[in-house]
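First up is the structure itself, then whatever we jot down about it.
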Amino acid sequence: MPAARRPLVVTADQELLDDLLRLAAAGGVEVDVAPDPAAARARYPGAPLVVIGSDQVPACVRARLPRRRRVIVAGRHSAVDASTWQLAEPLGAEHVAVLPSAETWVAEQLATPPEPEPVSRTVAVIGGRGGAGASILAAGLATTAVRSGYRTLLVDADPLGAGLDLLLGWEDVTGLRWPGLSDADGRVDPAALLRALPRRGDLVLLSFDREELPGVPAAAMAATLDAARRGRDVIVADLPRQLDDAAVLALQAADRTLLVVPAELRAAASAARTAATVRMHCEDVAVVVRGPAPGRLRAREVSDALGLPLAGTLRPEPAMCQAVESGTAPGADGRGPLAELCRRLVDELMAARS
């Protein structure tokens, strides 16, 4: 079983850990171990099962780990009390397993193979500096994916951006926005969530309310990504440069992250800091260099300076910018430099799907 798909055990109680490792070994299963929620966070969303020791339940609640499916709280009889049961609910825990009486059941849960991963692909887009053009690229990728026959979700996760609904010309399209998901958790029905969002054809959008611009709740992001993995072929996430918990979750779920950097020296310097942070959460990070280049800085020079592979370049496209002002989504007509780049990027993204 790949490491990323092993059950995750979160405990610093050595005796409890020994018990859980023994139960896992009895079922022929290897597990990942984290002593606390900080160490668990990166693996938490993707693990097929999470077992949280009773010693770490309060810390996990304080750390606001997102609700998700298949979470079990486990502890020995002497360590489980009324507070354990009360705190299990905010974590979305489905069961509290008291050892040793529940050992057989816990062993069965650890040995149960994970559900087959939905075959979907996620790409995150983030600007190397403000105004880099990340939203234009994200919208172009989404419209191109739909034109290529893929069911697509476009996620606007930047609360300080201009709004992807405006960029698509969808401000009057009805449907659920982020404020309506403020109480969402891992128990959201995936199909119902996708049906509630604004859509046109196979493109579904999750963006902000024009009257409210709160941050994105991490639990809502986790629920949205889970729903999209089950009901969409492509997920495109437009992320803020200042990463919050929700953006980190999206980066961790991303198969690839595209960093958009204008072909300018100061933009490249700013992007270096962003790139270092992004690479902590996503292994596959590439740069898209946006022209024009006032100082004749070449795209390859920008990518070399950042130590990132060059995914492509974006040339100035006045006609596309004019079309956006008139309510036409970027890349919607399938023509021009943006559409050509997005077509290649989508093809590369989906070619890796197995």
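Identifiers in this document derive from the order of the structure tokens: chains are assigned A, B, ..., residues are numbered from 1 separately in each chain, and ligands are numbered from 1 in order of occurrence.
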
Practice prompt. Find the spatial neighbours of stretch 319-328 of chain A, counting only C-alpha atoms, within a cut-off of 10 Å - ignore same-chain residues fewer than 3 positions away - and output them as a PyMOL selection string.
Written response: chain A and resi 136+165-171+316+331-333+335-339

Output of the above residues as a tab-separated table (two decimals), in the first residue's frame, restricted to all heavy atoms:
chain	number	residue	atom	x	y	z
A	136	ILE	N	-6.95	34.55	-14.45
A	136	ILE	CA	-7.15	34.39	-15.89
A	136	ILE	C	-6.77	32.97	-16.31
A	136	ILE	O	-7.50	32.29	-17.06
A	136	ILE	CB	-6.30	35.41	-16.67
A	136	ILE	CG1	-6.85	36.82	-16.48
A	136	ILE	CG2	-6.25	35.05	-18.15
A	136	ILE	CD1	-8.08	37.15	-17.27
A	165	ASP	N	-16.58	34.70	-10.56
A	165	ASP	CA	-17.89	34.82	-11.18
A	165	ASP	C	-17.92	36.00	-12.14
A	165	ASP	O	-18.48	35.92	-13.25
A	165	ASP	CB	-19.00	34.92	-10.13
A	165	ASP	CG	-18.78	36.06	-9.15
A	165	ASP	OD1	-17.66	36.60	-9.08
A	165	ASP	OD2	-19.74	36.40	-8.43
A	166	LEU	N	-17.27	37.11	-11.76
A	166	LEU	CA	-17.19	38.26	-12.66
A	166	LEU	C	-16.33	37.94	-13.88
A	166	LEU	O	-16.65	38.33	-15.01
A	166	LEU	CB	-16.59	39.46	-11.93
A	166	LEU	CG	-17.50	40.18	-10.93
A	166	LEU	CD1	-16.71	41.25	-10.19
A	166	LEU	CD2	-18.70	40.79	-11.64
A	167	LEU	N	-15.24	37.22	-13.68
A	167	LEU	CA	-14.34	36.89	-14.77
A	167	LEU	C	-15.03	36.00	-15.80
A	167	LEU	O	-14.79	36.13	-17.00
A	167	LEU	CB	-13.10	36.20	-14.21
A	167	LEU	CG	-11.91	36.01	-15.16
A	167	LEU	CD1	-11.43	37.35	-15.71
A	167	LEU	CD2	-10.77	35.30	-14.44
A	168	LEU	N	-15.89	35.11	-15.33
A	168	LEU	CA	-16.62	34.23	-16.24
A	168	LEU	C	-17.87	34.90	-16.82
A	168	LEU	O	-18.47	34.38	-17.76
A	168	LEU	CB	-17.05	32.95	-15.52
A	168	LEU	CG	-15.97	32.00	-15.04
A	168	LEU	CD1	-16.59	30.83	-14.29
A	168	LEU	CD2	-15.12	31.50	-16.19
A	169	GLY	N	-18.27	36.04	-16.24
A	169	GLY	CA	-19.53	36.64	-16.63
A	169	GLY	C	-20.71	35.94	-16.00
A	169	GLY	O	-21.81	35.93	-16.54
A	170	TRP	N	-20.50	35.37	-14.80
A	170	TRP	CA	-21.52	34.56	-14.13
A	170	TRP	C	-22.11	35.26	-12.90
A	170	TRP	O	-22.74	34.61	-12.08
A	170	TRP	CB	-20.90	33.25	-13.66
A	170	TRP	CG	-20.65	32.24	-14.72
A	170	TRP	CD1	-20.38	32.44	-16.04
A	170	TRP	CD2	-20.60	30.82	-14.53
A	170	TRP	NE1	-20.18	31.25	-16.68
A	170	TRP	CE2	-20.30	30.24	-15.79
A	170	TRP	CE3	-20.78	29.97	-13.44
A	170	TRP	CZ2	-20.19	28.86	-15.97
A	170	TRP	CZ3	-20.66	28.61	-13.61
A	170	TRP	CH2	-20.37	28.05	-14.86
A	171	GLU	N	-21.91	36.54	-12.73
A	171	GLU	CA	-22.35	37.17	-11.48
A	171	GLU	C	-23.86	37.04	-11.25
A	171	GLU	O	-24.33	37.13	-10.12
A	171	GLU	CB	-21.93	38.64	-11.43
A	171	GLU	CG	-22.49	39.51	-12.56
A	171	GLU	CD	-21.57	39.57	-13.76
A	171	GLU	OE1	-20.85	38.58	-14.03
A	171	GLU	OE2	-21.59	40.61	-14.44
A	316	PRO	N	0.80	38.52	-24.29
A	316	PRO	CA	-0.28	39.52	-24.23
A	316	PRO	C	-1.37	39.19	-25.23
A	316	PRO	O	-1.10	38.78	-26.36
A	316	PRO	CB	0.44	40.83	-24.58
A	316	PRO	CG	1.87	40.59	-24.23
A	316	PRO	CD	2.12	39.14	-24.52
A	331	GLY	N	-10.59	32.18	-22.70
A	331	GLY	CA	-10.39	30.92	-23.41
A	331	GLY	C	-11.64	30.24	-23.89
A	331	GLY	O	-11.58	29.11	-24.39
A	332	ALA	N	-12.78	30.90	-23.77
A	332	ALA	CA	-14.05	30.24	-24.09
A	332	ALA	C	-14.17	29.88	-25.56
A	332	ALA	O	-14.83	28.88	-25.91
A	332	ALA	CB	-15.22	31.13	-23.67
A	333	ASP	N	-13.57	30.67	-26.44
A	333	ASP	CA	-13.70	30.39	-27.87
A	333	ASP	C	-12.66	29.41	-28.39
A	333	ASP	O	-12.68	29.02	-29.57
A	333	ASP	CB	-13.64	31.68	-28.68
A	333	ASP	CG	-12.32	32.43	-28.52
A	333	ASP	OD1	-11.42	31.92	-27.83
A	333	ASP	OD2	-12.20	33.54	-29.09
A	335	ARG	N	-9.56	29.88	-28.99
A	335	ARG	CA	-8.55	30.47	-29.87
A	335	ARG	C	-7.64	31.39	-29.07
A	335	ARG	O	-8.02	31.92	-28.03
A	335	ARG	CB	-9.22	31.26	-31.00
A	335	ARG	CG	-10.09	30.41	-31.92
A	335	ARG	CD	-10.48	31.20	-33.17
A	335	ARG	NE	-11.28	32.37	-32.84
A	335	ARG	CZ	-12.61	32.37	-32.75
A	335	ARG	NH1	-13.28	31.26	-32.96
A	335	ARG	NH2	-13.26	33.49	-32.47
A	336	GLY	N	-6.42	31.58	-29.58
A	336	GLY	CA	-5.48	32.51	-28.97
A	336	GLY	C	-4.46	31.82	-28.08
A	336	GLY	O	-4.56	30.62	-27.78
A	337	PRO	N	-3.45	32.57	-27.63
A	337	PRO	CA	-2.36	32.00	-26.83
A	337	PRO	C	-2.82	31.35	-25.53
A	337	PRO	O	-2.31	30.29	-25.15
A	337	PRO	CB	-1.47	33.22	-26.54
A	337	PRO	CG	-1.77	34.19	-27.65
A	337	PRO	CD	-3.21	33.98	-27.98
A	338	LEU	N	-3.78	31.99	-24.83
A	338	LEU	CA	-4.25	31.41	-23.58
A	338	LEU	C	-4.90	30.05	-23.83
A	338	LEU	O	-4.61	29.07	-23.12
A	338	LEU	CB	-5.25	32.34	-22.89
A	338	LEU	CG	-5.93	31.77	-21.63
A	338	LEU	CD1	-4.91	31.59	-20.52
A	338	LEU	CD2	-7.08	32.66	-21.17
A	339	ALA	N	-5.78	29.97	-24.81
A	339	ALA	CA	-6.47	28.71	-25.10
A	339	ALA	C	-5.49	27.62	-25.51
A	339	ALA	O	-5.62	26.46	-25.11
A	339	ALA	CB	-7.51	28.93	-26.20

Name the residues in contact with A:Arg129 at a cut-off of 12 Å, using only C-alpha atoms, excluding same-chain residues fewer than 2 positions from it; report them as a JSON list (two decimals) with N, CA and C atoms, in the first residue's frame.
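What ended up in result.json:
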[["chain", "number", "residue", "atom", "x", "y", "z"],
["A", 126, "ILE", "N", -1.70, 29.75, -8.60],
["A", 126, "ILE", "CA", -1.41, 30.79, -7.62],
["A", 126, "ILE", "C", -0.49, 31.83, -8.25],
["A", 127, "GLY", "N", -0.70, 33.07, -7.92],
["A", 127, "GLY", "CA", 0.11, 34.14, -8.48],
["A", 127, "GLY", "C", 1.42, 34.32, -7.73],
["A", 131, "GLY", "N", -1.74, 40.51, -8.99],
["A", 131, "GLY", "CA", -1.99, 40.90, -10.36],
["A", 131, "GLY", "C", -1.20, 40.12, -11.38],
["A", 132, "ALA", "N", -0.74, 38.93, -11.02],
["A", 132, "ALA", "CA", 0.08, 38.15, -11.94],
["A", 132, "ALA", "C", -0.72, 37.54, -13.07],
["A", 133, "GLY", "N", -2.02, 37.37, -12.88],
["A", 133, "GLY", "CA", -2.85, 36.75, -13.91],
["A", 133, "GLY", "C", -3.24, 35.33, -13.59],
["A", 134, "ALA", "N", -3.15, 34.93, -12.31],
["A", 134, "ALA", "CA", -3.50, 33.57, -11.93],
["A", 134, "ALA", "C", -4.97, 33.27, -12.19],
["A", 239, "LEU", "N", -5.92, 30.02, -5.92],
["A", 239, "LEU", "CA", -5.56, 30.17, -4.52],
["A", 239, "LEU", "C", -4.94, 31.52, -4.21],
["A", 240, "PRO", "N", -5.06, 31.99, -2.96],
["A", 240, "PRO", "CA", -4.43, 33.25, -2.56],
["A", 240, "PRO", "C", -2.95, 33.07, -2.31],
["A", 241, "ARG", "N", -2.18, 34.15, -2.45],
["A", 241, "ARG", "CA", -0.76, 34.08, -2.17],
["A", 241, "ARG", "C", -0.50, 33.91, -0.68],
["A", 242, "GLN", "N", -1.32, 34.51, 0.16],
["A", 242, "GLN", "CA", -1.21, 34.32, 1.59],
["A", 242, "GLN", "C", -2.02, 33.08, 1.96],
["A", 259, "LEU", "N", 2.46, 28.18, -10.85],
["A", 259, "LEU", "CA", 2.79, 29.48, -10.29],
["A", 259, "LEU", "C", 2.92, 30.47, -11.44],
["A", 260, "VAL", "N", 2.06, 31.49, -11.47],
["A", 260, "VAL", "CA", 2.05, 32.46, -12.56],
["A", 260, "VAL", "C", 2.93, 33.65, -12.17],
["A", 261, "VAL", "N", 3.93, 33.94, -13.01],
["A", 261, "VAL", "CA", 4.92, 34.97, -12.69],
["A", 261, "VAL", "C", 5.10, 35.90, -13.89],
["A", 262, "PRO", "N", 4.85, 37.19, -13.73],
["A", 262, "PRO", "CA", 5.17, 38.13, -14.81],
["A", 262, "PRO", "C", 6.67, 38.12, -15.11],
["A", 263, "ALA", "N", 7.02, 38.40, -16.35],
["A", 263, "ALA", "CA", 8.43, 38.37, -16.77],
["A", 263, "ALA", "C", 9.12, 39.66, -16.34],
["A", 264, "GLU", "N", 9.23, 39.85, -15.03],
["A", 264, "GLU", "CA", 9.86, 41.03, -14.46],
["A", 264, "GLU", "C", 10.74, 40.60, -13.30],
["A", 265, "LEU", "N", 11.83, 41.29, -13.09],
["A", 265, "LEU", "CA", 12.79, 40.91, -12.05],
["A", 265, "LEU", "C", 12.16, 40.95, -10.67],
["A", 266, "ARG", "N", 11.42, 42.01, -10.36],
["A", 266, "ARG", "CA", 10.82, 42.13, -9.03],
["A", 266, "ARG", "C", 9.75, 41.08, -8.81],
["A", 267, "ALA", "N", 9.01, 40.76, -9.87],
["A", 267, "ALA", "CA", 7.99, 39.72, -9.76],
["A", 267, "ALA", "C", 8.63, 38.36, -9.49],
["A", 268, "ALA", "N", 9.77, 38.10, -10.15],
["A", 268, "ALA", "CA", 10.46, 36.83, -9.93],
["A", 268, "ALA", "C", 10.98, 36.73, -8.49],
["A", 269, "ALA", "N", 11.47, 37.86, -7.97],
["A", 269, "ALA", "CA", 11.97, 37.87, -6.59],
["A", 269, "ALA", "C", 10.84, 37.60, -5.61],
["A", 270, "SER", "N", 9.68, 38.22, -5.86],
["A", 270, "SER", "CA", 8.52, 37.99, -5.00],
["A", 270, "SER", "C", 8.04, 36.55, -5.10],
["A", 271, "ALA", "N", 8.05, 36.02, -6.32],
["A", 271, "ALA", "CA", 7.56, 34.66, -6.56],
["A", 271, "ALA", "C", 8.43, 33.62, -5.87],
["A", 272, "ALA", "N", 9.71, 33.93, -5.65],
["A", 272, "ALA", "CA", 10.61, 32.96, -5.01],
["A", 272, "ALA", "C", 10.12, 32.63, -3.61],
["A", 273, "ARG", "N", 9.62, 33.62, -2.89],
["A", 273, "ARG", "CA", 9.11, 33.37, -1.54],
["A", 273, "ARG", "C", 7.83, 32.54, -1.60],
["A", 274, "THR", "N", 6.97, 32.87, -2.55],
["A", 274, "THR", "CA", 5.74, 32.10, -2.70],
["A", 274, "THR", "C", 6.04, 30.67, -3.08],
["A", 275, "ALA", "N", 6.97, 30.48, -4.00],
["A", 275, "ALA", "CA", 7.32, 29.14, -4.46],
["A", 275, "ALA", "C", 7.83, 28.27, -3.32],
["A", 289, "VAL", "N", 5.13, 31.75, -17.13],
["A", 289, "VAL", "CA", 5.65, 33.11, -17.20],
["A", 289, "VAL", "C", 4.76, 33.95, -18.10],
["A", 290, "ARG", "N", 4.35, 35.10, -17.59],
["A", 290, "ARG", "CA", 3.42, 35.96, -18.32],
["A", 290, "ARG", "C", 4.14, 37.20, -18.87]]

Item to complete: Pick out the closest residue to A:Leu164 from this set: A:Gly128, A:Pro58, A:Gly140, A:Gly291. Count only C-alpha atoms.
Response: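 Of A:Gly128, A:Pro58, A:Gly140, A:Gly291, the one nearest A:Leu164, counting only C-alpha atoms, is A:Gly140.
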
Practice prompt. Determine which residues of stretch 43-275 of chain A receive a DSSP assignment of strand (DSSP E or B), computed from the backbone, and state them as a VMD selection string.
Written response: chain A and resid 50 to 53 71 to 76 95 to 99 121 to 127 152 to 156 199 to 200 203 to 206 234 to 239 256 to 262

For A:Gly75: contacts at 10 Å, only C-alpha atoms, fewer than 6 positions along chain excluded, given as an mmCIF file with N, CA and C atoms, in the first residue's frame:
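Result file out_16.cif:
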data_model
loop_
_atom_site.group_PDB
_atom_site.id
_atom_site.type_symbol
_atom_site.label_atom_id
_atom_site.label_comp_id
_atom_site.auth_asym_id
_atom_site.auth_seq_id
_atom_site.Cartn_x
_atom_site.Cartn_y
_atom_site.Cartn_z
ATOM 1 N N THR A 11 -1.235 9.625 17.827
ATOM 2 C CA THR A 11 -1.137 9.450 19.277
ATOM 3 C C THR A 11 0.300 9.602 19.730
ATOM 4 N N ASP A 13 0.785 8.449 22.971
ATOM 5 C CA ASP A 13 0.705 7.459 24.050
ATOM 6 C C ASP A 13 1.375 6.179 23.555
ATOM 7 N N GLU A 15 1.969 3.259 24.886
ATOM 8 C CA GLU A 15 1.264 2.003 25.137
ATOM 9 C C GLU A 15 0.106 1.827 24.169
ATOM 10 N N LEU A 16 -0.654 2.903 23.948
ATOM 11 C CA LEU A 16 -1.762 2.824 22.987
ATOM 12 C C LEU A 16 -1.220 2.579 21.585
ATOM 13 N N LEU A 17 -0.140 3.248 21.232
ATOM 14 C CA LEU A 17 0.455 3.051 19.910
ATOM 15 C C LEU A 17 0.886 1.599 19.732
ATOM 16 N N ASP A 19 -0.424 -0.982 21.084
ATOM 17 C CA ASP A 19 -1.641 -1.769 20.881
ATOM 18 C C ASP A 19 -2.134 -1.644 19.442
ATOM 19 N N LEU A 20 -2.177 -0.409 18.931
ATOM 20 C CA LEU A 20 -2.700 -0.190 17.579
ATOM 21 C C LEU A 20 -1.768 -0.781 16.521
ATOM 22 N N VAL A 51 -7.111 7.069 12.896
ATOM 23 C CA VAL A 51 -7.378 6.652 14.278
ATOM 24 C C VAL A 51 -6.689 7.664 15.189
ATOM 25 N N ILE A 52 -7.483 8.400 15.953
ATOM 26 C CA ILE A 52 -6.950 9.417 16.849
ATOM 27 C C ILE A 52 -6.962 8.860 18.266
ATOM 28 N N GLY A 53 -5.793 8.841 18.894
ATOM 29 C CA GLY A 53 -5.724 8.390 20.272
ATOM 30 C C GLY A 53 -6.437 9.346 21.203
ATOM 31 N N SER A 54 -6.999 8.806 22.268
ATOM 32 C CA SER A 54 -7.741 9.655 23.198
ATOM 33 C C SER A 54 -6.860 10.755 23.783
ATOM 34 N N ASP A 55 -5.544 10.520 23.830
ATOM 35 C CA ASP A 55 -4.635 11.540 24.369
ATOM 36 C C ASP A 55 -4.506 12.751 23.462
ATOM 37 N N ASP A 81 -13.086 9.007 28.851
ATOM 38 C CA ASP A 81 -14.094 9.504 29.789
ATOM 39 C C ASP A 81 -15.147 10.290 29.019
ATOM 40 N N THR A 84 -14.001 12.683 26.277
ATOM 41 C CA THR A 84 -13.572 12.063 25.024
ATOM 42 C C THR A 84 -14.744 11.940 24.068
ATOM 43 N N VAL A 96 -16.119 5.835 18.930
ATOM 44 C CA VAL A 96 -15.102 5.856 19.977
ATOM 45 C C VAL A 96 -14.877 4.411 20.374
ATOM 46 N N ALA A 97 -13.685 3.900 20.112
ATOM 47 C CA ALA A 97 -13.360 2.497 20.362
ATOM 48 C C ALA A 97 -12.598 2.380 21.674
ATOM 49 N N VAL A 98 -13.165 1.638 22.621
ATOM 50 C CA VAL A 98 -12.552 1.471 23.926
ATOM 51 C C VAL A 98 -11.829 0.124 23.944
ATOM 52 N N LEU A 99 -10.536 0.192 24.187
ATOM 53 C CA LEU A 99 -9.710 -1.015 24.224
ATOM 54 C C LEU A 99 -9.581 -1.502 25.670
ATOM 55 N N PRO A 100 -9.491 -2.812 25.879
ATOM 56 C CA PRO A 100 -9.289 -3.869 24.881
ATOM 57 C C PRO A 100 -10.565 -4.463 24.283
ATOM 58 N N ALA A 102 -12.774 -3.439 22.251
ATOM 59 C CA ALA A 102 -13.051 -3.176 20.830
ATOM 60 C C ALA A 102 -11.881 -3.547 19.923
#

Practice prompt. Step one, run DSSP on the backbone; step two, keep only residues of stretch 117-226 of chain A assigned to alpha helix (DSSP H); then write them as a ChimeraX atom specification.
Written response: /A:134-147,164-168,190-196,218-226

For the residues in that selection, give me N, CA, C and O atoms as a compact mmCIF listing (two decimals), in the first residue's frame.
# COMPACT_ATOMS: atom_id res chain seq x y z
N ALA A 134 -3.15 34.93 -12.31
CA ALA A 134 -3.50 33.57 -11.93
C ALA A 134 -4.97 33.27 -12.19
O ALA A 134 -5.32 32.17 -12.63
N SER A 135 -5.85 34.23 -11.91
CA SER A 135 -7.27 33.99 -12.11
C SER A 135 -7.61 33.80 -13.59
O SER A 135 -8.46 32.98 -13.94
N ILE A 136 -6.95 34.55 -14.45
CA ILE A 136 -7.15 34.39 -15.89
C ILE A 136 -6.77 32.97 -16.31
O ILE A 136 -7.50 32.29 -17.06
N LEU A 137 -5.62 32.49 -15.82
CA LEU A 137 -5.18 31.14 -16.17
C LEU A 137 -6.13 30.10 -15.60
O LEU A 137 -6.48 29.13 -16.28
N ALA A 138 -6.55 30.27 -14.35
CA ALA A 138 -7.47 29.30 -13.74
C ALA A 138 -8.77 29.21 -14.52
O ALA A 138 -9.27 28.11 -14.81
N ALA A 139 -9.33 30.36 -14.88
CA ALA A 139 -10.58 30.36 -15.65
C ALA A 139 -10.36 29.73 -17.02
O ALA A 139 -11.21 28.97 -17.52
N GLY A 140 -9.22 30.04 -17.65
CA GLY A 140 -8.92 29.45 -18.95
C GLY A 140 -8.79 27.95 -18.89
O GLY A 140 -9.26 27.22 -19.77
N LEU A 141 -8.14 27.44 -17.83
CA LEU A 141 -8.01 26.00 -17.66
C LEU A 141 -9.38 25.34 -17.50
O LEU A 141 -9.65 24.27 -18.06
N ALA A 142 -10.25 25.98 -16.72
CA ALA A 142 -11.58 25.39 -16.49
C ALA A 142 -12.41 25.36 -17.76
O ALA A 142 -13.04 24.34 -18.09
N THR A 143 -12.45 26.46 -18.51
CA THR A 143 -13.25 26.47 -19.73
C THR A 143 -12.67 25.52 -20.78
O THR A 143 -13.41 24.86 -21.52
N THR A 144 -11.34 25.39 -20.80
CA THR A 144 -10.70 24.48 -21.74
C THR A 144 -10.99 23.03 -21.37
O THR A 144 -11.25 22.19 -22.26
N ALA A 145 -10.97 22.72 -20.09
CA ALA A 145 -11.27 21.35 -19.65
C ALA A 145 -12.68 20.95 -20.06
O ALA A 145 -12.92 19.83 -20.53
N VAL A 146 -13.62 21.87 -19.89
CA VAL A 146 -15.01 21.57 -20.29
C VAL A 146 -15.10 21.38 -21.79
O VAL A 146 -15.77 20.45 -22.28
N ARG A 147 -14.44 22.24 -22.54
CA ARG A 147 -14.46 22.11 -24.00
C ARG A 147 -13.83 20.79 -24.45
O ARG A 147 -14.16 20.26 -25.51
N LEU A 164 -14.11 35.15 -9.44
CA LEU A 164 -14.15 34.39 -10.68
C LEU A 164 -15.53 34.43 -11.33
O LEU A 164 -15.64 34.21 -12.54
N ASP A 165 -16.58 34.70 -10.56
CA ASP A 165 -17.89 34.82 -11.18
C ASP A 165 -17.92 36.00 -12.14
O ASP A 165 -18.48 35.92 -13.25
N LEU A 166 -17.27 37.11 -11.76
CA LEU A 166 -17.19 38.26 -12.66
C LEU A 166 -16.33 37.94 -13.88
O LEU A 166 -16.65 38.33 -15.01
N LEU A 167 -15.24 37.22 -13.68
CA LEU A 167 -14.34 36.89 -14.77
C LEU A 167 -15.03 36.00 -15.80
O LEU A 167 -14.79 36.13 -17.00
N LEU A 168 -15.89 35.11 -15.33
CA LEU A 168 -16.62 34.23 -16.24
C LEU A 168 -17.87 34.90 -16.82
O LEU A 168 -18.47 34.38 -17.76
N PRO A 190 -22.00 14.63 -1.60
CA PRO A 190 -21.27 15.18 -2.75
C PRO A 190 -22.16 15.61 -3.91
O PRO A 190 -22.01 16.71 -4.45
N ALA A 191 -23.09 14.75 -4.29
CA ALA A 191 -23.95 15.08 -5.43
C ALA A 191 -24.82 16.29 -5.14
O ALA A 191 -25.01 17.16 -6.00
N ALA A 192 -25.36 16.38 -3.93
CA ALA A 192 -26.22 17.51 -3.57
C ALA A 192 -25.43 18.83 -3.57
O ALA A 192 -25.93 19.86 -4.02
N LEU A 193 -24.18 18.78 -3.08
CA LEU A 193 -23.36 19.98 -3.07
C LEU A 193 -23.10 20.47 -4.49
O LEU A 193 -23.27 21.66 -4.79
N LEU A 194 -22.72 19.59 -5.38
CA LEU A 194 -22.42 19.99 -6.75
C LEU A 194 -23.66 20.52 -7.46
O LEU A 194 -23.58 21.46 -8.26
N ARG A 195 -24.82 19.94 -7.16
CA ARG A 195 -26.06 20.42 -7.78
C ARG A 195 -26.42 21.81 -7.31
O ARG A 195 -27.07 22.58 -8.04
N ALA A 196 -26.00 22.17 -6.09
CA ALA A 196 -26.38 23.47 -5.51
C ALA A 196 -25.52 24.62 -6.01
O ALA A 196 -25.89 25.78 -5.85
N ALA A 218 -11.81 25.90 6.41
CA ALA A 218 -11.07 24.70 5.99
C ALA A 218 -12.01 23.50 5.85
O ALA A 218 -11.85 22.70 4.92
N ALA A 219 -12.98 23.38 6.76
CA ALA A 219 -13.90 22.24 6.66
C ALA A 219 -14.72 22.30 5.38
O ALA A 219 -15.00 21.27 4.76
N ALA A 220 -15.11 23.51 4.97
CA ALA A 220 -15.87 23.65 3.73
C ALA A 220 -15.02 23.29 2.52
O ALA A 220 -15.49 22.67 1.57
N MET A 221 -13.74 23.68 2.55
CA MET A 221 -12.85 23.31 1.45
C MET A 221 -12.67 21.80 1.38
O MET A 221 -12.70 21.20 0.29
N ALA A 222 -12.49 21.16 2.55
CA ALA A 222 -12.33 19.71 2.56
C ALA A 222 -13.56 19.02 2.01
O ALA A 222 -13.46 18.06 1.22
N ALA A 223 -14.74 19.49 2.39
CA ALA A 223 -15.98 18.88 1.90
C ALA A 223 -16.13 19.09 0.40
O ALA A 223 -16.57 18.19 -0.33
N THR A 224 -15.76 20.29 -0.07
CA THR A 224 -15.88 20.59 -1.50
C THR A 224 -14.93 19.73 -2.33
O THR A 224 -15.32 19.18 -3.36
N LEU A 225 -13.69 19.60 -1.89
CA LEU A 225 -12.72 18.78 -2.62
C LEU A 225 -13.16 17.33 -2.64
O LEU A 225 -13.01 16.63 -3.66
N ASP A 226 -13.70 16.86 -1.53
CA ASP A 226 -14.17 15.47 -1.48
C ASP A 226 -15.32 15.26 -2.46
O ASP A 226 -15.37 14.27 -3.19

Discussion item. To one decimal place in Å, what is the distance between atom CA of A:Arg200 and atom CA of A:Asp172?
Written reply: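 It comes out at 11.9 Å.
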
Fill in: Using only C-alpha atoms: which of A:Glu108, A:Val80, A:Arg69, A:Leu308 has the shortest distance to A:Ala93
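Closest candidate: A:Arg69.
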
Non-local contacts of A:Pro113 (12 Å; only C-alpha atoms; under 4 positions in same chain excluded) as an mmCIF file with N, CA and C atoms, in the first residue's frame:
data_model
loop_
_atom_site.group_PDB
_atom_site.id
_atom_site.type_symbol
_atom_site.label_atom_id
_atom_site.label_comp_id
_atom_site.auth_asym_id
_atom_site.auth_seq_id
_atom_site.Cartn_x
_atom_site.Cartn_y
_atom_site.Cartn_z
ATOM 1 N N MET A 1 0.855 -1.194 0.000
ATOM 2 C CA MET A 1 0.000 0.000 0.000
ATOM 3 C C MET A 1 0.882 1.232 0.000
ATOM 4 N N ARG A 5 -1.461 6.330 1.203
ATOM 5 C CA ARG A 5 -2.772 5.721 1.351
ATOM 6 C C ARG A 5 -2.844 4.775 2.529
ATOM 7 N N ARG A 6 -1.909 4.901 3.460
ATOM 8 C CA ARG A 6 -1.957 4.081 4.664
ATOM 9 C C ARG A 6 -2.889 4.706 5.693
ATOM 10 N N PRO A 7 -3.501 3.874 6.552
ATOM 11 C CA PRO A 7 -4.223 4.448 7.687
ATOM 12 C C PRO A 7 -3.272 5.306 8.514
ATOM 13 N N GLY A 27 -3.574 -7.647 11.034
ATOM 14 C CA GLY A 27 -4.322 -7.587 9.780
ATOM 15 C C GLY A 27 -3.438 -7.419 8.561
ATOM 16 N N GLY A 28 -2.116 -7.447 8.766
ATOM 17 C CA GLY A 28 -1.197 -7.294 7.644
ATOM 18 C C GLY A 28 -1.187 -5.898 7.056
ATOM 19 N N VAL A 29 -1.400 -4.896 7.896
ATOM 20 C CA VAL A 29 -1.515 -3.517 7.415
ATOM 21 C C VAL A 29 -0.398 -2.661 8.016
ATOM 22 N N GLU A 30 0.214 -1.823 7.190
ATOM 23 C CA GLU A 30 1.157 -0.826 7.674
ATOM 24 C C GLU A 30 0.419 0.485 7.887
ATOM 25 N N ALA A 47 -5.545 10.109 4.006
ATOM 26 C CA ALA A 47 -5.503 8.786 4.623
ATOM 27 C C ALA A 47 -6.849 8.083 4.472
ATOM 28 N N PRO A 48 -6.847 6.772 4.176
ATOM 29 C CA PRO A 48 -8.126 6.063 4.038
ATOM 30 C C PRO A 48 -8.871 5.909 5.357
ATOM 31 N N LEU A 49 -8.130 5.940 6.473
ATOM 32 C CA LEU A 49 -8.716 5.837 7.810
ATOM 33 C C LEU A 49 -7.810 6.602 8.760
ATOM 34 N N ALA A 107 -9.187 -3.786 14.635
ATOM 35 C CA ALA A 107 -8.342 -4.526 13.697
ATOM 36 C C ALA A 107 -9.040 -4.688 12.350
ATOM 37 N N GLU A 108 -10.342 -4.941 12.373
ATOM 38 C CA GLU A 108 -11.100 -5.080 11.130
ATOM 39 C C GLU A 108 -11.138 -3.768 10.363
ATOM 40 N N GLN A 109 -11.317 -2.648 11.085
ATOM 41 C CA GLN A 109 -11.356 -1.350 10.422
ATOM 42 C C GLN A 109 -10.006 -1.010 9.790
ATOM 43 N N GLU A 117 -9.884 5.114 -5.341
ATOM 44 C CA GLU A 117 -9.796 6.560 -5.526
ATOM 45 C C GLU A 117 -10.559 6.994 -6.776
#
